[in-house]
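Listing of input23.cif, mmCIF, C-alpha atoms
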data_coords
#
loop_
_atom_site.group_PDB
_atom_site.id
_atom_site.type_symbol
_atom_site.label_atom_id
_atom_site.label_comp_id
_atom_site.auth_asym_id
_atom_site.auth_seq_id
_atom_site.Cartn_x
_atom_site.Cartn_y
_atom_site.Cartn_z
ATOM 1 C CA MET A 1 -5.612 1.711 3.125
ATOM 2 C CA GLY A 2 -5.792 -0.743 6.016
ATOM 3 C CA SER A 3 -2.076 -1.514 5.791
ATOM 4 C CA THR A 4 0.331 0.467 7.932
ATOM 5 C CA LYS A 5 2.966 -0.187 5.288
ATOM 6 C CA LEU A 6 1.417 2.810 3.544
ATOM 7 C CA ILE A 7 2.340 4.999 6.517
ATOM 8 C CA ALA A 8 5.981 4.035 6.104
ATOM 9 C CA ALA A 9 5.832 4.826 2.407
ATOM 10 C CA THR A 10 5.360 8.537 2.975
ATOM 11 C CA LEU A 11 8.985 8.757 4.064
ATOM 12 C CA LEU A 12 10.345 7.848 0.639
ATOM 13 C CA PRO A 13 11.675 10.515 -1.714
ATOM 14 C CA ALA A 14 9.175 11.638 -4.334
ATOM 15 C CA PHE A 15 10.923 9.903 -7.191
ATOM 16 C CA LEU A 16 11.049 6.518 -5.490
ATOM 17 C CA ALA A 17 8.611 3.722 -4.880
ATOM 18 C CA LEU A 18 6.703 4.256 -1.635
ATOM 19 C CA HIS A 19 4.940 1.788 0.667
ATOM 20 C CA LEU A 20 4.088 0.350 3.040
ATOM 21 C CA HIS A 21 8.327 -10.539 4.297
ATOM 22 C CA ALA A 22 16.158 -25.786 5.145
ATOM 23 C CA PRO A 23 14.012 -25.997 1.925
ATOM 24 C CA ALA A 24 10.732 -24.150 1.878
ATOM 25 C CA ALA A 25 7.891 -26.047 3.468
ATOM 26 C CA MET A 26 4.904 -26.505 1.187
ATOM 27 C CA ALA A 27 1.437 -25.720 2.485
ATOM 28 C CA THR A 28 -0.358 -28.809 3.684
ATOM 29 C CA ALA A 29 -3.773 -29.684 4.969
ATOM 30 C CA ALA A 30 -2.368 -29.509 8.491
ATOM 31 C CA GLY A 31 -1.775 -25.754 8.208
ATOM 32 C CA SER A 32 0.459 -23.709 10.470
ATOM 33 C CA SER A 33 2.476 -25.404 13.202
ATOM 34 C CA ASN A 34 5.436 -24.156 15.226
ATOM 35 C CA SER A 35 8.635 -23.562 13.281
ATOM 36 C CA ASN A 36 11.605 -21.188 13.359
ATOM 37 C CA LEU A 37 10.977 -19.041 10.257
ATOM 38 C CA PHE A 38 11.727 -15.326 10.649
ATOM 39 C CA ARG A 39 11.280 -12.817 7.816
ATOM 40 C CA ASP A 40 12.217 -9.131 7.572
ATOM 41 C CA TYR A 41 11.326 -6.671 4.807
ATOM 42 C CA ILE A 42 14.148 -4.323 3.873
ATOM 43 C CA GLY A 43 15.068 -1.514 1.492
ATOM 44 C CA ALA A 44 11.866 0.485 0.967
ATOM 45 C CA LEU A 45 12.716 3.593 2.976
ATOM 46 C CA TYR A 46 16.063 4.423 1.358
ATOM 47 C CA ASN A 47 17.674 5.112 4.742
ATOM 48 C CA GLY A 48 20.835 3.099 4.127
ATOM 49 C CA VAL A 49 19.959 0.007 6.149
ATOM 50 C CA ARG A 50 22.183 -2.929 5.219
ATOM 51 C CA PHE A 51 21.773 -6.679 5.500
ATOM 52 C CA ALA A 52 24.803 -6.708 7.793
ATOM 53 C CA ASP A 53 23.083 -4.329 10.225
ATOM 54 C CA VAL A 54 20.370 -6.859 11.069
ATOM 55 C CA PRO A 55 21.183 -9.539 13.688
ATOM 56 C CA VAL A 56 20.749 -13.072 12.350
ATOM 57 C CA ASP A 57 20.291 -15.909 14.829
ATOM 58 C CA PRO A 58 22.001 -18.998 13.344
ATOM 59 C CA ARG A 59 19.279 -21.186 14.837
ATOM 60 C CA ALA A 60 16.522 -19.496 12.800
ATOM 61 C CA ARG A 61 15.520 -19.809 9.188
ATOM 62 C CA PHE A 62 15.885 -16.203 8.121
ATOM 63 C CA ASP A 63 14.441 -14.550 5.008
ATOM 64 C CA PHE A 64 15.222 -10.991 3.981
ATOM 65 C CA ILE A 65 12.514 -9.647 1.642
ATOM 66 C CA LEU A 66 13.575 -6.790 -0.617
ATOM 67 C CA ALA A 67 10.860 -4.131 -0.970
ATOM 68 C CA PHE A 68 9.964 -3.732 -3.816
ATOM 69 C CA VAL A 69 9.885 -4.580 -7.485
ATOM 70 C CA ILE A 70 6.915 -2.992 -9.260
ATOM 71 C CA ASP A 71 5.585 -3.348 -12.787
ATOM 72 C CA TYR A 72 5.413 0.417 -13.180
ATOM 73 C CA THR A 73 7.669 2.974 -14.823
ATOM 74 C CA THR A 74 8.518 6.440 -13.519
ATOM 75 C CA ALA A 75 9.509 7.549 -17.025
ATOM 76 C CA THR A 76 5.971 8.929 -17.323
ATOM 77 C CA GLU A 77 4.114 11.382 -15.106
ATOM 78 C CA PRO A 78 2.143 10.068 -13.425
ATOM 79 C CA PRO A 79 3.929 6.690 -13.239
ATOM 80 C CA SER A 80 2.251 4.105 -15.414
ATOM 81 C CA PRO A 81 1.847 0.313 -15.379
ATOM 82 C CA THR A 82 4.105 -1.772 -17.605
ATOM 83 C CA ASN A 83 1.996 -4.929 -17.945
ATOM 84 C CA GLY A 84 4.238 -7.265 -15.963
ATOM 85 C CA ARG A 85 7.613 -5.710 -16.772
ATOM 86 C CA PHE A 86 9.088 -5.286 -13.310
ATOM 87 C CA ASN A 87 11.602 -2.655 -12.217
ATOM 88 C CA VAL A 88 13.643 -2.429 -9.006
ATOM 89 C CA PHE A 89 12.402 0.098 -6.435
ATOM 90 C CA TRP A 90 14.382 -0.901 -3.336
ATOM 91 C CA GLN A 91 17.614 0.907 -2.380
ATOM 92 C CA ASP A 92 19.762 -1.047 -4.788
ATOM 93 C CA THR A 93 22.801 1.159 -4.279
ATOM 94 C CA VAL A 94 23.092 -0.396 -0.791
ATOM 95 C CA LEU A 95 21.353 -3.750 -1.193
ATOM 96 C CA THR A 96 23.423 -4.829 -4.164
ATOM 97 C CA PRO A 97 24.118 -8.238 -5.723
ATOM 98 C CA ALA A 98 27.426 -8.270 -3.850
ATOM 99 C CA ALA A 99 25.620 -7.519 -0.572
ATOM 100 C CA VAL A 100 23.204 -10.403 -1.185
ATOM 101 C CA ALA A 101 26.112 -12.746 -1.857
ATOM 102 C CA GLU A 102 27.934 -11.604 1.278
ATOM 103 C CA VAL A 103 25.009 -11.988 3.681
ATOM 104 C CA LYS A 104 24.399 -15.494 2.376
ATOM 105 C CA ARG A 105 28.084 -16.375 2.646
ATOM 106 C CA ARG A 106 28.233 -15.214 6.255
ATOM 107 C CA ASN A 107 24.885 -16.762 7.209
ATOM 108 C CA PRO A 108 24.080 -20.135 5.617
ATOM 109 C CA ASN A 109 20.585 -19.958 7.138
ATOM 110 C CA VAL A 110 19.704 -16.771 5.208
ATOM 111 C CA ARG A 111 17.629 -16.621 2.043
ATOM 112 C CA VAL A 112 16.732 -13.446 0.145
ATOM 113 C CA ALA A 113 13.423 -12.856 -1.602
ATOM 114 C CA VAL A 114 11.798 -9.902 -3.332
ATOM 115 C CA SER A 115 8.315 -8.470 -2.826
ATOM 116 C CA LEU A 116 6.109 -7.542 -5.780
ATOM 117 C CA GLY A 117 3.788 -4.562 -5.704
ATOM 118 C CA GLY A 118 3.468 -2.322 -2.682
ATOM 119 C CA ALA A 119 1.031 0.522 -2.160
ATOM 120 C CA THR A 120 2.311 3.581 -4.011
ATOM 121 C CA VAL A 121 4.910 4.875 -6.434
ATOM 122 C CA ASN A 122 5.757 8.587 -6.599
ATOM 123 C CA GLY A 123 2.994 9.092 -4.063
ATOM 124 C CA ARG A 124 0.369 7.580 -6.363
ATOM 125 C CA PRO A 125 -1.399 4.257 -5.905
ATOM 126 C CA VAL A 126 0.072 1.088 -7.374
ATOM 127 C CA PHE A 127 -2.657 -1.033 -8.931
ATOM 128 C CA PHE A 128 -2.423 -4.580 -10.148
ATOM 129 C CA ASN A 129 -3.195 -3.939 -13.786
ATOM 130 C CA VAL A 130 -3.218 -6.142 -16.890
ATOM 131 C CA THR A 131 -3.171 -4.018 -20.035
ATOM 132 C CA SER A 132 -2.563 -6.602 -22.771
ATOM 133 C CA GLY A 133 -4.099 -9.857 -21.573
ATOM 134 C CA VAL A 134 -3.144 -12.505 -19.025
ATOM 135 C CA ASP A 135 -0.757 -14.396 -21.302
ATOM 136 C CA SER A 136 1.177 -11.223 -22.092
ATOM 137 C CA TRP A 137 1.356 -10.160 -18.415
ATOM 138 C CA VAL A 138 2.605 -13.566 -17.295
ATOM 139 C CA ARG A 139 5.189 -13.736 -20.080
ATOM 140 C CA ASN A 140 6.514 -10.248 -19.294
ATOM 141 C CA ALA A 141 6.552 -10.939 -15.548
ATOM 142 C CA VAL A 142 8.422 -14.227 -15.906
ATOM 143 C CA ASP A 143 10.999 -12.661 -18.227
ATOM 144 C CA SER A 144 11.625 -9.497 -16.206
ATOM 145 C CA LEU A 145 11.630 -11.196 -12.806
ATOM 146 C CA THR A 146 13.921 -13.969 -14.026
ATOM 147 C CA GLY A 147 16.477 -11.328 -14.961
ATOM 148 C CA ILE A 148 16.246 -9.570 -11.589
ATOM 149 C CA ILE A 149 16.245 -12.795 -9.562
ATOM 150 C CA GLN A 150 19.254 -14.189 -11.397
ATOM 151 C CA ARG A 151 21.181 -10.931 -11.199
ATOM 152 C CA TYR A 152 20.734 -10.723 -7.419
ATOM 153 C CA ASP A 153 20.775 -14.494 -6.780
ATOM 154 C CA LEU A 154 17.393 -14.346 -5.039
ATOM 155 C CA ASP A 155 15.543 -17.355 -3.699
ATOM 156 C CA GLY A 156 11.859 -16.483 -3.751
ATOM 157 C CA ILE A 157 9.108 -13.935 -4.272
ATOM 158 C CA ASP A 158 6.427 -12.308 -2.126
ATOM 159 C CA ILE A 159 3.198 -10.958 -3.653
ATOM 160 C CA ASP A 160 2.031 -7.749 -1.966
ATOM 161 C CA TYR A 161 -0.389 -5.962 -4.277
ATOM 162 C CA GLU A 162 -2.973 -4.032 -2.282
ATOM 163 C CA GLN A 163 -5.055 -2.247 -4.953
ATOM 164 C CA PHE A 164 -6.505 -3.729 -8.101
ATOM 165 C CA GLN A 165 -7.905 -2.766 -11.497
ATOM 166 C CA VAL A 166 -8.801 -6.313 -12.516
ATOM 167 C CA ASP A 167 -11.245 -8.852 -11.107
ATOM 168 C CA PRO A 168 -10.095 -11.394 -8.484
ATOM 169 C CA GLY A 169 -10.027 -14.246 -11.005
ATOM 170 C CA THR A 170 -7.654 -12.401 -13.326
ATOM 171 C CA PHE A 171 -5.332 -11.532 -10.448
ATOM 172 C CA ALA A 172 -5.380 -15.141 -9.271
ATOM 173 C CA GLU A 173 -4.589 -16.495 -12.732
ATOM 174 C CA CYS A 174 -1.729 -14.060 -13.304
ATOM 175 C CA ALA A 175 -0.126 -14.492 -9.888
ATOM 176 C CA GLY A 176 -0.680 -18.243 -9.800
ATOM 177 C CA ARG A 177 0.759 -18.835 -13.244
ATOM 178 C CA LEU A 178 3.730 -16.596 -12.413
ATOM 179 C CA VAL A 179 4.581 -18.577 -9.293
ATOM 180 C CA ALA A 180 4.134 -21.890 -11.129
ATOM 181 C CA ALA A 181 6.371 -20.806 -14.013
ATOM 182 C CA LEU A 182 9.167 -19.505 -11.780
ATOM 183 C CA LYS A 183 9.077 -22.637 -9.619
ATOM 184 C CA SER A 184 8.923 -25.117 -12.485
ATOM 185 C CA SER A 185 11.954 -23.517 -14.136
ATOM 186 C CA GLY A 186 13.914 -23.536 -10.878
ATOM 187 C CA ILE A 187 14.160 -19.736 -10.734
ATOM 188 C CA ILE A 188 12.607 -19.586 -7.238
ATOM 189 C CA ARG A 189 12.276 -22.068 -4.388
ATOM 190 C CA PHE A 190 9.421 -20.479 -2.472
ATOM 191 C CA ALA A 191 6.632 -17.925 -2.734
ATOM 192 C CA SER A 192 4.502 -16.002 -0.245
ATOM 193 C CA ILE A 193 1.530 -13.668 -0.292
ATOM 194 C CA ALA A 194 0.932 -10.645 1.968
ATOM 195 C CA PRO A 195 -2.776 -9.917 2.447
ATOM 196 C CA TYR A 196 -4.365 -7.955 5.273
ATOM 197 C CA GLY A 197 -7.764 -7.580 6.885
ATOM 198 C CA ASN A 198 -9.541 -5.474 4.272
ATOM 199 C CA ALA A 199 -12.573 -7.247 2.808
ATOM 200 C CA ASP A 200 -11.781 -6.295 -0.789
ATOM 201 C CA VAL A 201 -8.120 -7.241 -0.504
ATOM 202 C CA GLN A 202 -9.116 -10.534 1.098
ATOM 203 C CA ARG A 203 -11.386 -11.363 -1.877
ATOM 204 C CA TYR A 204 -8.386 -11.219 -4.199
ATOM 205 C CA TYR A 205 -6.005 -13.217 -2.065
ATOM 206 C CA ARG A 206 -8.567 -15.821 -1.036
ATOM 207 C CA THR A 207 -9.381 -16.344 -4.724
ATOM 208 C CA LEU A 208 -5.666 -16.772 -5.412
ATOM 209 C CA TRP A 209 -5.337 -19.175 -2.491
ATOM 210 C CA ALA A 210 -8.328 -21.259 -3.578
ATOM 211 C CA ALA A 211 -6.912 -21.690 -7.075
ATOM 212 C CA HIS A 212 -3.154 -21.894 -6.413
ATOM 213 C CA GLY A 213 -2.614 -22.360 -2.683
ATOM 214 C CA ALA A 214 -0.631 -25.556 -3.195
ATOM 215 C CA ALA A 215 2.135 -23.478 -4.843
ATOM 216 C CA ILE A 216 2.243 -20.794 -2.115
ATOM 217 C CA ASP A 217 4.526 -21.594 0.793
ATOM 218 C CA TYR A 218 3.737 -18.841 3.285
ATOM 219 C CA VAL A 219 1.044 -16.283 4.088
ATOM 220 C CA ASN A 220 2.634 -13.080 5.449
ATOM 221 C CA PHE A 221 -0.558 -11.736 6.964
ATOM 222 C CA GLN A 222 -0.339 -8.068 8.017
ATOM 223 C CA PHE A 223 -1.896 -8.467 11.462
ATOM 224 C CA TYR A 224 -0.465 -5.148 12.645
ATOM 225 C CA ALA A 225 -2.904 -3.327 10.346
ATOM 226 C CA TYR A 226 -5.821 -4.158 12.652
ATOM 227 C CA GLY A 227 -5.077 -1.201 14.936
ATOM 228 C CA ALA A 228 -3.560 -0.092 18.220
ATOM 229 C CA SER A 229 -6.512 -1.179 20.379
ATOM 230 C CA THR A 230 -6.074 -4.837 19.404
ATOM 231 C CA THR A 231 -5.379 -6.996 22.456
ATOM 232 C CA ALA A 232 -3.242 -10.126 22.486
ATOM 233 C CA ALA A 233 -6.365 -12.241 22.841
ATOM 234 C CA LYS A 234 -7.994 -10.501 19.876
ATOM 235 C CA TYR A 235 -4.803 -10.954 17.843
ATOM 236 C CA VAL A 236 -4.978 -14.707 18.486
ATOM 237 C CA SER A 237 -8.643 -14.708 17.463
ATOM 238 C CA LEU A 238 -7.788 -12.857 14.253
ATOM 239 C CA PHE A 239 -5.029 -15.375 13.583
ATOM 240 C CA ASP A 240 -7.579 -18.175 13.892
ATOM 241 C CA GLU A 241 -9.801 -16.350 11.395
ATOM 242 C CA GLN A 242 -6.976 -16.423 8.863
ATOM 243 C CA ILE A 243 -6.480 -20.148 9.430
ATOM 244 C CA ALA A 244 -10.087 -20.481 8.260
ATOM 245 C CA ASN A 245 -9.618 -18.027 5.382
ATOM 246 C CA TYR A 246 -6.450 -19.754 4.091
ATOM 247 C CA PRO A 247 -6.981 -23.441 4.911
ATOM 248 C CA GLY A 248 -3.763 -25.418 4.996
ATOM 249 C CA ALA A 249 -1.563 -22.306 4.909
ATOM 250 C CA ASN A 250 1.658 -21.668 6.797
ATOM 251 C CA ILE A 251 0.553 -18.342 8.297
ATOM 252 C CA LEU A 252 3.087 -15.993 9.865
ATOM 253 C CA ALA A 253 2.372 -13.607 12.711
ATOM 254 C CA SER A 254 3.609 -10.060 12.218
ATOM 255 C CA PHE A 255 4.225 -6.598 13.610
ATOM 256 C CA THR A 256 5.645 -3.296 12.438
ATOM 257 C CA THR A 257 8.532 -1.434 14.031
ATOM 258 C CA ALA A 258 7.420 1.850 12.455
ATOM 259 C CA ALA A 259 6.871 4.753 14.835
ATOM 260 C CA THR A 260 3.068 4.761 14.761
ATOM 261 C CA ASN A 261 0.189 4.829 17.219
ATOM 262 C CA THR A 262 -2.259 3.237 14.763
ATOM 263 C CA SER A 263 -0.842 -0.298 14.619
ATOM 264 C CA VAL A 264 -0.898 -3.281 16.962
ATOM 265 C CA PRO A 265 1.833 -2.562 19.556
ATOM 266 C CA VAL A 266 4.901 -4.771 19.239
ATOM 267 C CA ASP A 267 4.635 -6.083 22.798
ATOM 268 C CA THR A 268 1.013 -7.062 22.167
ATOM 269 C CA ALA A 269 2.003 -8.913 19.012
ATOM 270 C CA LEU A 270 4.829 -10.749 20.777
ATOM 271 C CA SER A 271 2.501 -11.719 23.639
ATOM 272 C CA ALA A 272 0.094 -13.151 21.072
ATOM 273 C CA CYS A 273 2.996 -14.984 19.419
ATOM 274 C CA ARG A 274 3.816 -16.721 22.698
ATOM 275 C CA THR A 275 0.203 -17.819 23.023
ATOM 276 C CA LEU A 276 0.168 -19.082 19.437
ATOM 277 C CA GLN A 277 3.410 -20.935 20.048
ATOM 278 C CA GLY A 278 1.891 -22.572 23.105
ATOM 279 C CA GLN A 279 -1.013 -23.671 20.908
ATOM 280 C CA GLY A 280 1.369 -25.097 18.286
ATOM 281 C CA LYS A 281 0.365 -22.530 15.634
ATOM 282 C CA LEU A 282 3.363 -20.180 15.383
ATOM 283 C CA TYR A 283 4.909 -21.098 12.035
ATOM 284 C CA GLY A 284 6.919 -17.881 12.011
ATOM 285 C CA ILE A 285 7.067 -14.110 12.415
ATOM 286 C CA PHE A 286 7.695 -11.342 9.931
ATOM 287 C CA VAL A 287 8.549 -7.691 10.558
ATOM 288 C CA TRP A 288 7.812 -4.542 8.597
ATOM 289 C CA ALA A 289 10.573 -3.433 8.378
ATOM 290 C CA ALA A 290 14.314 -3.493 9.043
ATOM 291 C CA ASP A 291 14.447 0.098 7.789
ATOM 292 C CA HIS A 292 12.408 1.154 10.847
ATOM 293 C CA SER A 293 14.054 -1.293 13.245
ATOM 294 C CA ARG A 294 17.460 0.336 12.977
ATOM 295 C CA ASN A 295 16.103 3.145 15.191
ATOM 296 C CA GLN A 296 15.535 0.572 17.970
ATOM 297 C CA GLY A 297 18.801 -1.285 17.487
ATOM 298 C CA PHE A 298 16.934 -4.217 15.889
ATOM 299 C CA LYS A 299 15.930 -5.416 19.337
ATOM 300 C CA TYR A 300 12.629 -6.823 18.100
ATOM 301 C CA GLU A 301 14.357 -8.855 15.403
ATOM 302 C CA THR A 302 16.520 -10.326 18.162
ATOM 303 C CA GLN A 303 13.555 -11.006 20.452
ATOM 304 C CA SER A 304 11.480 -12.584 17.689
ATOM 305 C CA GLN A 305 14.209 -14.967 16.621
ATOM 306 C CA ALA A 306 14.844 -15.939 20.239
ATOM 307 C CA LEU A 307 11.150 -16.666 20.699
ATOM 308 C CA LEU A 308 11.048 -18.807 17.575
ATOM 309 C CA THR A 309 14.183 -20.780 18.405
ATOM 310 C CA ASP A 310 14.254 -20.966 22.193
ATOM 311 C CA ALA A 311 11.009 -20.373 24.076
ATOM 312 C CA THR A 312 12.876 -20.582 27.399
ATOM 313 C CA THR A 313 14.406 -17.173 26.624
ATOM 314 C CA TYR A 314 11.216 -15.730 28.059
#
Starting from the coordinates I provided, produce the structure as structure tokens.
Amino acid sequence: MGSTKLIAATLLPAFLALHLHAPAAMATAAGSSNSNLFRDYIGALYNGVRFADVPVDPRARFDFILAFVIDYTTATEPPSPTNGRFNVFWQDTVLTPAAVAEVKRRNPNVRVAVSLGGATVNGRPVFFNVTSGVDSWVRNAVDSLTGIIQRYDLDGIDIDYEQFQVDPGTFAECAGRLVAALKSSGIIRFASIAPYGNADVQRYYRTLWAAHGAAIDYVNFQFYAYGASTTAAKYVSLFDEQIANYPGANILASFTTAATNTSVPVDTALSACRTLQGQGKLYGIFVWAADHSRNQGFKYETQSQALLTDATTY
């Protein structure tokens, strides 16, 4: 896989899902421009990280993204797809409904979303799979996600499938109809997608964007998956490529705080972010993931929010 989220996934216990982002702004023809949106994935590594551990700058718009819900069951071996019936695979003994309520109470600028998919479960690949037709998948997904979202009082969803056993059109129809149904019923306020620079993965997400981009608020592009040799200038060039690939999108820059020598270094990513901000293109930043960041005292969460809210910090 091109995504370094998969590297992080190997740390999960064998019975758990493994892997590895004011009102929401709708995508417009203008595309990304500077804003103060910061997003942090959380909960995939089962290392006890809490919402309260992560510093929240009151000047930022801050989204926690729970990782993950997956339409798979571990009741079978190997785990098997459930045709849109989603189950919780984040550390829900720590990131509970009460914890969601508390972080929102303490921080009025915080929203909480949930990410769909991921790379593996029980060490085996997670595929986007439709086993009983599009209508059935969408119906099951809407029903199961509505229950989870309402139980945890969540605000939005993120779509992060990385492997597929359907054609791009089927994926686009399922994901697009899911977002439309959850928005029209008021269950969610925003939705994002999380592609990365793999040609096959891009085919799926660009098809989804072409058909349903007006309903997708943010593109959490995994720029860190391009590799450790990426320079700040190359990062900016790759960002411009995604502006062309997802016309009109609010594209977020990104980095990972995982201990790896295969990803874009954090300092390189932040240097590129300053350049993008100077060009008026830095809509926001997301981090994979708070679970890793606790080892660094969440310093990069602090730096990113400062950059987004007060450029004079640097």
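If you measure from each of A:Ile285, A:Ala269, A:Val201, A:Leu208 to A:Ala233 using all atoms listed in the file, the closest one turns out to be A:Ala269.
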> Could you pull the residues within 8 Å of A:Val134, counting only C-alpha atoms, minus those fewer than 2 positions along the same chain, as a PyMOL selection string?
Replying inline: chain A and resi 130+132+136-138+170+173-174
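Residues matched by the PyMOL selection byres ((chain A and resi 44) around 6) in this file: Gly43, Leu45, Tyr46, Ala67 and Trp90 of chain A.
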The distance between atom CA of A:Ile251 and atom CA of A:Tyr235 is 13.2 Å
task: Within 12 Å of A:Gln163, counting only C-alpha atoms, which residues show up once you throw out same-chain ones fewer than 5 positions away? Write them as a list in words, please.
output: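 Listing them by chain and then by number gives Met1, Gly2, Ser3, Leu6, Gly117, Gly118, Ala119, Thr120, Arg124, Pro125, Val126, Phe127, Phe128, Asn129, Pro168, Phe171, Pro195, Tyr196, Asn198, Ala199, Asp200, Val201, Gln202, Arg203, Tyr204 and Tyr205 of chain A.
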| task | Determine the nearest neighbour of A:Val287 from the options A:Tyr152, A:Tyr246, A:Tyr226, A:Phe221, counting all atoms listed in the file. | result |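 Ranking A:Tyr152, A:Tyr246, A:Tyr226, A:Phe221 by distance to A:Val287, first place goes to A:Phe221.
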- Exercise: A:Ala52 partners within 10 Å, all atoms listed in the file, chain neighbours under 5 positions left out, as a ChimeraX atom specification: /A:99-100,102-103,106
Convert the output of the PyMOL selection byres ((chain A and resi 160) around 8) on the shown file into explicit residues, formatted as a list in words.
Ser115, Leu116, Gly117, Gly118, Asp158, Ile159, Tyr161, Glu162, Ile193, Ala194 and Pro195 of chain A
Proximity to A:Asp143 - best of A:Asn34, A:Ser192, A:Gln165, A:Asn83, only C-alpha atoms:
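For A:Asp143, the nearest of the candidates is A:Asn83.
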